[in-house]
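Text of the file run.txt, holding compact mmCIF, C-alpha atoms:
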```
# COMPACT_ATOMS: atom_id res chain seq x y z
CA MET A 95 0.00 0.00 0.00
CA ASN A 96 1.46 3.28 -1.06
CA LYS A 97 -0.76 5.60 0.88
CA LYS A 98 1.33 8.29 2.50
CA LEU A 99 0.83 9.10 6.15
CA LYS A 100 0.18 12.61 7.38
CA PHE A 101 2.62 13.84 9.97
CA GLY A 102 2.13 17.18 11.72
CA ILE A 103 5.21 18.75 13.25
CA VAL A 104 4.30 21.23 15.98
CA VAL A 105 6.37 24.40 15.94
CA PHE A 106 6.73 26.38 19.16
CA PRO A 107 8.71 29.61 19.43
CA GLY A 108 12.20 28.20 20.00
CA SER A 109 11.73 24.78 18.39
CA ASN A 110 14.82 24.03 16.33
CA CYS A 111 14.55 20.40 15.21
CA ASP A 112 11.30 20.95 13.33
CA ALA A 113 13.03 21.28 9.95
CA ASP A 114 15.09 18.13 10.59
CA CYS A 115 11.89 16.18 11.35
CA LEU A 116 10.28 17.51 8.17
CA TRP A 117 13.34 16.49 6.15
CA ALA A 118 13.41 13.01 7.74
CA LEU A 119 9.74 12.33 7.09
CA LYS A 120 9.25 14.03 3.75
CA ASP A 121 12.56 13.80 1.94
CA VAL A 122 14.01 10.63 3.40
CA LEU A 123 10.89 8.55 4.07
CA ASN A 124 8.61 10.05 1.43
CA GLN A 125 5.64 10.72 3.72
CA GLU A 126 3.39 13.76 3.92
CA ALA A 127 4.58 16.14 6.61
CA GLU A 128 3.96 19.75 7.45
CA PHE A 129 4.48 22.26 10.21
CA ILE A 130 1.72 23.15 12.68
CA TRP A 131 2.03 26.53 14.39
CA HIS A 132 1.57 26.33 18.15
CA GLU A 133 -1.57 28.46 18.02
CA SER A 134 -3.33 26.10 15.65
CA LYS A 135 -6.28 24.00 16.78
CA ASN A 136 -6.84 22.09 13.60
CA ILE A 137 -4.88 18.88 14.12
CA LYS A 138 -7.52 16.23 13.44
CA LYS A 139 -6.32 15.39 9.94
CA TYR A 140 -2.92 14.08 11.02
CA ASP A 141 -2.09 10.45 11.73
CA CYS A 142 0.87 11.31 13.90
CA LEU A 143 2.01 14.48 15.64
CA VAL A 144 5.66 15.19 16.27
CA LEU A 145 6.72 17.50 19.09
CA PRO A 146 10.25 18.31 17.99
CA GLY A 147 13.35 19.24 19.92
CA GLY A 148 14.57 22.72 20.64
CA PHE A 149 14.23 25.32 23.36
CA SER A 150 10.57 26.26 23.36
CA TYR A 151 10.10 29.63 25.11
CA GLY A 152 13.82 29.66 25.83
CA ASP A 153 13.44 26.77 28.30
CA TYR A 154 12.50 29.46 30.83
CA LEU A 155 11.26 28.25 34.22
CA ARG A 156 11.65 24.57 33.26
CA SER A 157 12.02 22.93 29.86
CA GLY A 158 8.58 22.54 28.32
CA ALA A 159 6.78 24.25 31.22
CA ILE A 160 5.45 27.14 29.17
CA ALA A 161 4.95 25.30 25.88
CA ARG A 162 2.50 22.94 27.53
CA PHE A 163 0.05 25.85 27.81
CA ALA A 164 0.22 26.66 24.08
CA LYS A 165 -3.13 26.61 22.30
CA VAL A 166 -2.29 23.53 20.25
CA MET A 167 -1.74 21.55 23.47
CA GLU A 168 -5.41 21.96 24.37
CA SER A 169 -6.34 19.84 21.37
CA ILE A 170 -3.58 17.31 21.88
CA SER A 171 -5.27 15.37 24.73
CA ASP A 172 -8.38 14.91 22.59
CA PHE A 173 -6.19 13.88 19.68
CA ALA A 174 -4.42 11.30 21.85
CA ASN A 175 -7.71 9.82 23.05
CA LYS A 176 -8.85 9.03 19.51
CA LYS A 177 -8.21 5.72 17.77
CA ASN A 178 -5.16 5.35 15.54
CA LYS A 179 -3.65 8.69 16.47
CA PHE A 180 -0.04 8.84 17.59
CA ILE A 181 2.27 11.37 19.18
CA ILE A 182 6.03 11.29 19.39
CA GLY A 183 7.86 13.84 21.52
CA ILE A 184 11.58 14.15 20.96
CA CYS A 185 13.90 15.87 23.45
CA ASN A 186 12.14 19.18 24.18
CA GLY A 187 9.00 17.49 22.83
CA PHE A 188 9.42 14.76 25.47
CA GLN A 189 9.86 17.45 28.13
CA ILE A 190 6.64 19.14 26.98
CA LEU A 191 4.72 15.84 27.16
CA LEU A 192 5.98 15.34 30.73
CA GLU A 193 5.03 18.87 31.75
CA ALA A 194 1.60 18.38 30.19
CA GLY A 195 1.12 15.18 32.19
CA LEU A 196 0.64 13.10 29.02
CA LEU A 197 3.61 11.03 30.16
CA PRO A 198 4.63 10.45 33.80
CA GLY A 199 7.74 11.89 35.47
CA ALA A 200 9.90 14.97 35.00
CA MET A 201 13.32 16.04 33.76
CA LEU A 202 16.20 17.25 35.92
CA HIS A 203 19.50 18.80 34.87
CA ASN A 204 22.01 16.28 33.57
CA LYS A 205 23.98 14.82 36.47
CA ASN A 206 27.23 16.44 35.24
CA LEU A 207 25.41 19.77 34.59
CA LYS A 208 26.73 19.81 31.03
CA PHE A 209 24.82 20.16 27.81
CA ILE A 210 25.60 16.83 26.13
CA CYS A 211 25.61 16.60 22.34
CA GLU A 212 26.85 13.20 21.19
CA TYR A 213 25.90 9.82 19.82
CA VAL A 214 24.63 7.43 22.47
CA ASN A 215 23.56 3.82 22.43
CA ILE A 216 20.11 2.80 23.55
CA THR A 217 18.52 -0.63 23.83
CA VAL A 218 15.03 -1.33 22.60
CA GLU A 219 13.22 -2.73 25.65
CA ASN A 220 9.83 -3.37 24.13
CA THR A 221 9.26 -4.12 20.45
CA ASN A 222 5.54 -4.69 20.74
CA THR A 223 4.74 -1.00 20.23
CA PRO A 224 3.74 1.23 17.32
CA PHE A 225 7.13 2.91 17.61
CA THR A 226 9.52 -0.05 17.74
CA ASN A 227 7.90 -2.95 15.87
CA ARG A 228 10.71 -2.85 13.29
CA CYS A 229 13.34 -3.41 15.97
CA ALA A 230 14.49 -6.59 17.68
CA LYS A 231 14.21 -6.89 21.45
CA GLY A 232 17.45 -5.73 23.02
CA GLN A 233 18.65 -4.24 19.74
CA VAL A 234 21.18 -1.45 20.23
CA LEU A 235 20.39 1.77 18.37
CA LYS A 236 22.98 4.49 17.85
CA ILE A 237 21.15 7.81 17.96
CA PRO A 238 22.43 11.24 19.05
CA ILE A 239 21.27 13.23 22.06
CA ALA A 240 21.55 17.00 22.52
CA HIS A 241 20.23 18.24 25.83
CA GLY A 242 21.02 19.83 29.18
CA GLU A 243 17.94 18.57 30.98
CA GLY A 244 17.46 14.93 30.11
CA ASN A 245 17.95 13.38 33.50
CA TYR A 246 14.65 11.54 33.70
CA TYR A 247 13.13 11.27 37.16
CA CYS A 248 9.99 9.70 38.53
CA ASP A 249 9.03 8.41 41.96
CA GLU A 250 9.46 4.75 42.84
CA ARG A 251 5.80 3.89 42.40
CA THR A 252 5.74 5.36 38.89
CA LEU A 253 8.95 3.56 38.00
CA ASN A 254 7.53 0.24 39.20
CA THR A 255 4.40 0.80 37.14
CA LEU A 256 6.46 1.67 34.04
CA ILE A 257 8.48 -1.53 34.51
CA ALA A 258 5.47 -3.74 35.28
CA LYS A 259 3.49 -2.46 32.30
CA ASP A 260 6.45 -2.59 29.95
CA LYS A 261 6.25 1.11 29.13
CA ILE A 262 9.99 1.77 29.21
CA ILE A 263 10.92 1.68 25.54
CA PHE A 264 14.56 2.78 25.42
CA ARG A 265 17.41 2.64 27.95
CA TYR A 266 20.94 4.05 27.71
CA CYS A 267 23.47 1.26 27.25
CA ASP A 268 27.02 0.67 26.05
CA SER A 269 27.81 -0.45 22.50
CA ASN A 270 27.28 -4.07 23.53
CA GLY A 271 23.82 -3.38 24.88
CA MET A 272 24.87 -3.58 28.53
CA ILE A 273 22.93 -1.23 30.80
CA THR A 274 25.68 0.38 32.87
CA ASP A 275 26.06 3.49 35.04
CA GLU A 276 28.80 4.69 32.72
CA ALA A 277 26.49 4.55 29.70
CA ASN A 278 23.86 6.49 31.61
CA VAL A 279 25.14 9.83 30.27
CA ASN A 280 22.65 12.15 31.93
CA GLY A 281 21.91 10.26 35.14
CA SER A 282 18.37 9.16 34.29
CA ILE A 283 16.65 6.88 36.74
CA TYR A 284 16.90 3.23 35.56
CA ASN A 285 18.86 4.48 32.48
CA ILE A 286 15.57 5.59 30.93
CA ALA A 287 15.87 7.21 27.49
CA GLY A 288 12.27 6.81 26.30
CA ILE A 289 8.86 5.86 27.66
CA MET A 290 5.34 5.31 26.39
CA ASN A 291 1.93 6.12 27.90
CA THR A 292 -0.45 3.43 29.19
CA LYS A 293 -2.58 3.46 26.05
CA GLY A 294 0.55 2.98 23.97
CA ASN A 295 0.12 5.78 21.45
CA ILE A 296 2.40 8.46 22.92
CA LEU A 297 6.18 8.06 22.93
CA GLY A 298 8.65 10.41 24.56
CA MET A 299 12.37 10.00 23.94
CA MET A 300 15.47 12.13 24.51
CA PRO A 301 17.58 10.85 21.56
CA HIS A 302 16.88 12.39 18.14
CA PRO A 303 15.85 9.76 15.55
CA GLU A 304 15.49 12.52 12.93
CA ARG A 305 19.23 13.11 13.17
CA ALA A 306 20.08 9.46 12.50
CA MET A 307 18.57 8.99 9.07
CA ILE A 308 21.47 8.51 6.68
CA LYS A 309 24.81 6.74 6.95
CA GLU A 310 26.66 9.88 5.91
CA LEU A 311 25.56 11.54 9.15
CA GLY A 312 26.81 8.68 11.30
CA SER A 313 23.80 6.41 11.70
CA GLU A 314 20.52 5.50 10.10
CA ASP A 315 19.07 3.75 13.14
CA GLY A 316 16.52 6.54 13.57
CA ARG A 317 14.71 5.26 10.50
CA LEU A 318 13.59 2.17 12.42
CA ILE A 319 11.46 4.28 14.73
CA TRP A 320 9.75 6.31 12.00
CA GLN A 321 9.35 3.25 9.80
CA SER A 322 7.75 1.37 12.72
CA ILE A 323 5.12 4.10 13.07
CA ILE A 324 4.49 4.17 9.34
CA ASP A 325 4.11 0.37 9.12
CA TYR A 326 1.91 0.26 12.19
CA ILE A 327 -0.51 2.92 10.97
CA LYS A 328 -0.70 1.43 7.49
CA LYS A 329 -1.60 -1.97 8.94
CA SER A 330 -4.19 -0.67 11.38
CA MET B 768 -0.67 46.16 45.54
CA ALA B 769 0.68 43.13 47.34
CA LYS B 770 3.87 41.24 46.73
CA ALA B 771 4.10 37.48 46.64
CA LYS B 772 7.44 35.95 47.56
CA ILE B 773 7.53 32.44 46.22
CA TYR B 774 10.10 29.78 47.10
CA ILE B 775 10.41 26.69 44.94
CA THR B 776 12.63 23.85 46.09
CA PHE B 777 13.21 20.29 45.05
CA LYS B 778 11.38 17.62 47.00
CA ASP B 779 13.39 15.54 49.43
CA GLY B 780 14.78 12.51 47.68
CA VAL B 781 15.08 14.22 44.29
CA LEU B 782 18.74 14.42 43.36
CA GLU B 783 19.59 18.01 42.55
CA PRO B 784 22.83 18.19 40.49
CA GLN B 785 23.47 21.95 40.93
CA GLY B 786 23.32 21.69 44.72
CA LYS B 787 25.56 18.61 44.70
CA THR B 788 28.16 20.45 42.61
CA VAL B 789 28.12 23.55 44.83
CA ASN B 790 28.34 21.31 47.88
CA ALA B 791 31.43 19.58 46.48
CA ALA B 792 33.01 22.96 45.67
CA LEU B 793 32.39 24.27 49.20
CA VAL B 794 33.95 21.19 50.75
CA LYS B 795 36.97 21.62 48.46
CA MET B 796 37.22 25.25 49.59
CA GLY B 797 37.62 23.98 53.13
CA TYR B 798 34.05 24.21 54.44
CA LYS B 799 34.12 20.58 55.49
CA ASN B 800 31.06 20.98 57.71
CA ILE B 801 28.70 21.57 54.76
CA LYS B 802 26.54 18.46 54.55
CA ASP B 803 24.03 19.28 51.86
CA VAL B 804 23.16 22.09 49.41
CA ARG B 805 19.89 22.33 47.54
CA ILE B 806 19.36 25.06 44.95
CA GLY B 807 15.87 26.24 44.19
CA LYS B 808 14.08 29.24 42.73
CA TYR B 809 12.86 32.46 44.27
CA ILE B 810 10.14 34.37 42.44
CA GLU B 811 8.65 37.79 43.26
CA MET B 812 5.28 38.68 41.86
CA GLU B 813 3.28 41.87 42.22
CA ILE B 814 -0.38 41.21 42.37
CA ASP B 815 -3.67 43.08 42.89
CA GLY B 816 -6.68 41.94 44.87
CA ASN B 817 -7.80 41.08 48.37
CA ASN B 818 -5.64 38.89 50.53
CA GLU B 819 -7.74 35.73 50.39
CA LYS B 820 -8.08 35.87 46.62
CA ILE B 821 -4.35 36.51 46.21
CA LYS B 822 -3.45 33.53 48.37
CA LYS B 823 -5.75 31.27 46.41
CA GLU B 824 -4.46 32.52 43.09
CA VAL B 825 -0.77 32.32 43.98
CA ASP B 826 -1.29 28.77 45.22
CA GLU B 827 -3.00 27.88 41.95
CA ILE B 828 -0.28 29.54 39.86
CA CYS B 829 2.45 27.67 41.74
CA ASP B 830 0.66 24.39 41.25
CA LYS B 831 -0.12 24.94 37.56
CA LEU B 832 3.00 26.60 36.25
CA LEU B 833 5.72 27.82 38.60
CA ALA B 834 6.46 24.46 40.26
CA ASN B 835 6.36 20.95 38.88
CA PRO B 836 4.72 18.86 41.60
CA ASN B 837 6.53 15.74 40.35
CA ILE B 838 9.86 17.07 41.54
CA GLU B 839 9.31 20.38 43.34
CA LYS B 840 7.50 21.80 46.33
CA TYR B 841 6.68 25.43 46.99
CA ASP B 842 5.97 27.87 49.73
CA PHE B 843 5.03 31.54 49.56
CA GLU B 844 4.33 34.62 51.61
CA ILE B 845 2.24 37.64 50.73
CA ILE B 846 3.44 41.02 51.99
```

Go through the file and emit its structure as structure tokens.
Amino acid sequence: MNKKLKFGIVVFPGSNCDADCLWALKDVLNQEAEFIWHESKNIKKYDCLVLPGGFSYGDYLRSGAIARFAKVMESISDFANKKNKFIIGICNGFQILLEAGLLPGAMLHNKNLKFICEYVNITVENTNTPFTNRCAKGQVLKIPIAHGEGNYYCDERTLNTLIAKDKIIFRYCDSNGMITDEANVNGSIYNIAGIMNTKGNILGMMPHPERAMIKELGSEDGRLIWQSIIDYIKKS
Amino acid sequence: MAKAKIYITFKDGVLEPQGKTVNAALVKMGYKNIKDVRIGKYIEMEIDGNNEKIKKEVDEICDKLLANPNIEKYDFEII
């Protein structure tokens, strides 16, 4: 089936990975994709929304804290409650989803207080999801991160629920797939790099799959995540 | 016009990297008796209205925007 999916990439003042997401989806993967201004309410027509990385509202107060009150966010909960609608929040997009309460937990400053911009390895913990069905369980993906506040935190009860319900999708690991403290670059609890909501249609992740699309840029592992979403929606 | 003085701090048990770093620096400087440092935020807000309404509103604002209840707690005074 050659039907193209419709991706909507939400643009907040200060988003800066929006163009990369558009390039990844449109030029590399040949899907329909367009920008959605943060004041827009008309998001029904999209199959999947992307909240891209960047520094929405200058990251003032806390990353994502102000963006979550943007007009478009009012429609996003309704969107998420509908059937066959998906949301992926990357980096600042993940932070916005946390602030909005669409995903549990919060972000703290990286444990070493540095802004870290480098390739990291993450394991795929759950492949039975719309976002990872193209991956093998335990597969190591090489995808870059670029953030100062990616130190994921949640209380013990939330962590236990995430583990029990298999909602932890990615964890920082070494190149052999071992989950170690050393590989946990930002200090996230339980090495968490990406989680999913209970319903299973919202993914938040700190690494940038849109920056790992072609070999020439160091990795094309990011394709697996987008391609998983595309396959999943086409089949459903 | 009243002034709200708002203090936002991390909850106990939440690791706070800035405080940890400052703590380590102080110990290195010779202040060996420093046991813990936590860095938070202090916000001043000028606000109109009667005292009861202000208290209610400031509380609401802290809860909705200024603090993230997952990791932070807040306290405020109105003067």

For Phe225 of chain A, list every protein, DNA or RNA residue within 6 Å, evaluated using only C-alpha atoms, and leave out those in the same chain fewer than 3 positions away; present the list as a VMD selection string. chain A and resid 319 322 to 323

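You will find atom CA of Lys97 of chain A at 7.8 Å from atom CA of Lys328 of chain A.
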
Counting only C-alpha atoms, which residues of chain A fall within 12 Å of chain B, and what is the closest atom pair for each with its distance in Å at one decimal, ordered by chain and rising number, as CSV?
```
residue,atom,partner,partner_atom,distance
A:Tyr154,CA,B:Leu833,CA,10.4
A:Leu155,CA,B:Leu833,CA,7.1
A:Arg156,CA,B:Asn835,CA,8.5
A:Ser157,CA,B:Asn835,CA,10.8
A:Gly158,CA,B:Leu832,CA,10.5
A:Ala159,CA,B:Leu832,CA,6.7
A:Ile160,CA,B:Leu832,CA,7.5
A:Ala161,CA,B:Leu832,CA,10.6
A:Arg162,CA,B:Leu832,CA,9.5
A:Phe163,CA,B:Leu832,CA,9.0
A:Gln189,CA,B:Asn835,CA,11.8
A:Leu192,CA,B:Asn837,CA,9.6
A:Glu193,CA,B:Asn835,CA,7.5
A:Ala194,CA,B:Lys831,CA,10.0
A:Gly195,CA,B:Asn837,CA,9.8
A:Leu197,CA,B:Asn837,CA,11.6
A:Pro198,CA,B:Asn837,CA,8.6
A:Gly199,CA,B:Asn837,CA,6.3
A:Ala200,CA,B:Asn837,CA,6.4
A:Met201,CA,B:Ile838,CA,8.6
A:Leu202,CA,B:Glu783,CA,7.5
A:His203,CA,B:Pro784,CA,6.6
A:Asn204,CA,B:Pro784,CA,7.2
A:Lys205,CA,B:Pro784,CA,5.4
A:Asn206,CA,B:Pro784,CA,7.1
A:Leu207,CA,B:Pro784,CA,6.6
A:Lys208,CA,B:Pro784,CA,10.4
A:Gly242,CA,B:Pro784,CA,11.6
A:Glu243,CA,B:Pro784,CA,10.7
A:Asn245,CA,B:Pro784,CA,9.8
A:Tyr246,CA,B:Ile838,CA,10.7
A:Tyr247,CA,B:Val781,CA,8.0
A:Cys248,CA,B:Asn837,CA,7.2
A:Asp249,CA,B:Asn837,CA,7.9
A:Glu250,CA,B:Gly780,CA,10.6
A:Thr252,CA,B:Asn837,CA,10.5
A:Asn280,CA,B:Pro784,CA,10.5
A:Gly281,CA,B:Pro784,CA,9.6
A:Ser282,CA,B:Leu782,CA,10.5
A:Ile283,CA,B:Leu782,CA,10.2
```

Would you work out the distance separating atom CA of Val122 of chain A from atom CA of Ile308 of chain A, expressed in Å to one decimal?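 So the two atoms, atom CA of Val122 of chain A and atom CA of Ile308 of chain A, lie 8.4 Å apart.
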
Atom pair atom CA of Gly816 of chain B / atom CA of Ile846 of chain B: separation (Å):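 Going from atom CA of Gly816 of chain B over to atom CA of Ile846 of chain B, I get 12.4 Å.
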
Env of segment 215-222 of chain A: 7 Å cut, atoms = all atoms listed in the file, seq-sep filter 5 positions within chain, self excluded. Answer as a ChimeraX atom specification. /A:227,229-237,260,262-269,271

Which residues are close to Glu304 of chain A, i.e. within 8 Å by all atoms listed in the file, leaving aside same-chain residues fewer than 5 positions away? Reply as a compact mmCIF listing (two decimals) with C-alpha atoms, in the frame of the given file.
```
# COMPACT_ATOMS: atom_id res chain seq x y z
CA ASP A 114 15.09 18.13 10.59
CA CYS A 115 11.89 16.18 11.35
CA ALA A 118 13.41 13.01 7.74
CA GLY A 316 16.52 6.54 13.57
CA ARG A 317 14.71 5.26 10.50
```

Neighbouring residues of Gln321 of chain A were defined as those with any atom within 8 Å, considering all atoms listed in the file; residues of the same chain fewer than 3 positions away were excluded. Please report them as a ChimeraX atom specification. /A:123,228,317-318,324-325

With C-alpha atoms kept, could you save the residues just selected as an mmCIF file, in the frame of the given file?
```
data_model
loop_
_atom_site.group_PDB
_atom_site.id
_atom_site.type_symbol
_atom_site.label_atom_id
_atom_site.label_comp_id
_atom_site.auth_asym_id
_atom_site.auth_seq_id
_atom_site.Cartn_x
_atom_site.Cartn_y
_atom_site.Cartn_z
ATOM 1 C CA LEU A 123 10.890 8.550 4.070
ATOM 2 C CA ARG A 228 10.710 -2.850 13.290
ATOM 3 C CA ARG A 317 14.710 5.260 10.500
ATOM 4 C CA LEU A 318 13.590 2.170 12.420
ATOM 5 C CA ILE A 324 4.490 4.170 9.340
ATOM 6 C CA ASP A 325 4.110 0.370 9.120
#
```

Looking at all atoms listed in the file, which of A:Val279, A:Ile190, A:Leu119, A:Ala164 is the one that sits closest to Gly148 of chain A?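 So, comparing all the options, the nearest one is A:Ile190.
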
Would you kindly place N, CA and C atoms on segment 200-233 of chain A and return the model as a compact mmCIF listing (two decimals), in the coordinates of the input?
```
# COMPACT_ATOMS: atom_id res chain seq x y z
N ALA A 200 9.41 13.62 35.25
CA ALA A 200 9.90 14.97 35.00
C ALA A 200 11.38 14.89 34.64
N MET A 201 11.90 15.99 34.11
CA MET A 201 13.32 16.04 33.76
C MET A 201 14.09 16.93 34.73
N LEU A 202 15.28 16.45 35.11
CA LEU A 202 16.20 17.25 35.92
C LEU A 202 17.41 17.59 35.06
N HIS A 203 18.24 18.51 35.56
CA HIS A 203 19.50 18.80 34.87
C HIS A 203 20.34 17.53 34.78
N ASN A 204 21.09 17.41 33.70
CA ASN A 204 22.01 16.28 33.57
C ASN A 204 22.89 16.20 34.81
N LYS A 205 23.25 14.98 35.21
CA LYS A 205 23.98 14.82 36.47
C LYS A 205 25.31 15.57 36.46
N ASN A 206 25.95 15.71 35.28
CA ASN A 206 27.23 16.44 35.24
C ASN A 206 27.05 17.92 34.91
N LEU A 207 25.78 18.37 34.85
CA LEU A 207 25.41 19.77 34.59
C LEU A 207 25.80 20.26 33.20
N LYS A 208 26.31 19.37 32.36
CA LYS A 208 26.73 19.81 31.03
C LYS A 208 25.63 19.59 30.01
N PHE A 209 25.64 20.42 28.98
CA PHE A 209 24.82 20.16 27.81
C PHE A 209 25.56 19.09 27.03
N ILE A 210 24.91 17.95 26.79
CA ILE A 210 25.60 16.83 26.13
C ILE A 210 25.06 16.68 24.71
N CYS A 211 25.98 16.76 23.73
CA CYS A 211 25.61 16.60 22.34
C CYS A 211 26.51 15.53 21.75
N GLU A 212 26.02 14.29 21.70
CA GLU A 212 26.85 13.20 21.19
C GLU A 212 26.00 11.99 20.85
N TYR A 213 26.59 11.08 20.09
CA TYR A 213 25.90 9.82 19.82
C TYR A 213 25.86 8.98 21.09
N VAL A 214 24.72 8.37 21.35
CA VAL A 214 24.63 7.43 22.47
C VAL A 214 24.05 6.12 21.94
N ASN A 215 24.18 5.09 22.75
CA ASN A 215 23.56 3.82 22.43
C ASN A 215 22.36 3.62 23.34
N ILE A 216 21.29 3.12 22.74
CA ILE A 216 20.11 2.80 23.55
C ILE A 216 19.62 1.40 23.17
N THR A 217 19.10 0.68 24.16
CA THR A 217 18.52 -0.63 23.83
C THR A 217 17.03 -0.46 23.64
N VAL A 218 16.47 -1.30 22.79
CA VAL A 218 15.03 -1.33 22.60
C VAL A 218 14.49 -2.36 23.60
N GLU A 219 13.70 -1.87 24.55
CA GLU A 219 13.22 -2.73 25.65
C GLU A 219 11.92 -3.43 25.32
N ASN A 220 11.13 -2.80 24.48
CA ASN A 220 9.83 -3.37 24.13
C ASN A 220 9.61 -3.16 22.64
N THR A 221 9.42 -4.24 21.91
CA THR A 221 9.26 -4.12 20.45
C THR A 221 7.80 -4.23 20.04
N ASN A 222 6.96 -4.53 21.04
CA ASN A 222 5.54 -4.69 20.74
C ASN A 222 4.82 -3.35 20.87
N THR A 223 5.31 -2.35 20.15
CA THR A 223 4.74 -1.00 20.23
C THR A 223 4.65 -0.42 18.82
N PRO A 224 3.82 0.60 18.64
CA PRO A 224 3.74 1.23 17.32
C PRO A 224 5.06 1.90 16.91
N PHE A 225 5.93 2.12 17.88
CA PHE A 225 7.13 2.91 17.61
C PHE A 225 8.39 2.06 17.43
N THR A 226 8.30 0.78 17.76
CA THR A 226 9.52 -0.05 17.74
C THR A 226 9.32 -1.42 17.10
N ASN A 227 8.18 -1.61 16.41
CA ASN A 227 7.90 -2.95 15.87
C ASN A 227 8.91 -3.40 14.80
N ARG A 228 9.68 -2.50 14.28
CA ARG A 228 10.71 -2.85 13.29
C ARG A 228 12.03 -3.27 13.95
N CYS A 229 12.09 -3.12 15.27
CA CYS A 229 13.34 -3.41 15.97
C CYS A 229 13.27 -4.81 16.59
N ALA A 230 14.44 -5.32 16.94
CA ALA A 230 14.49 -6.59 17.68
C ALA A 230 14.63 -6.27 19.16
N LYS A 231 14.11 -7.14 20.01
CA LYS A 231 14.21 -6.89 21.45
C LYS A 231 15.68 -6.86 21.87
N GLY A 232 16.06 -5.84 22.58
CA GLY A 232 17.45 -5.73 23.02
C GLY A 232 18.37 -5.13 21.97
N GLN A 233 17.83 -4.83 20.80
CA GLN A 233 18.65 -4.24 19.74
C GLN A 233 19.26 -2.92 20.21
```
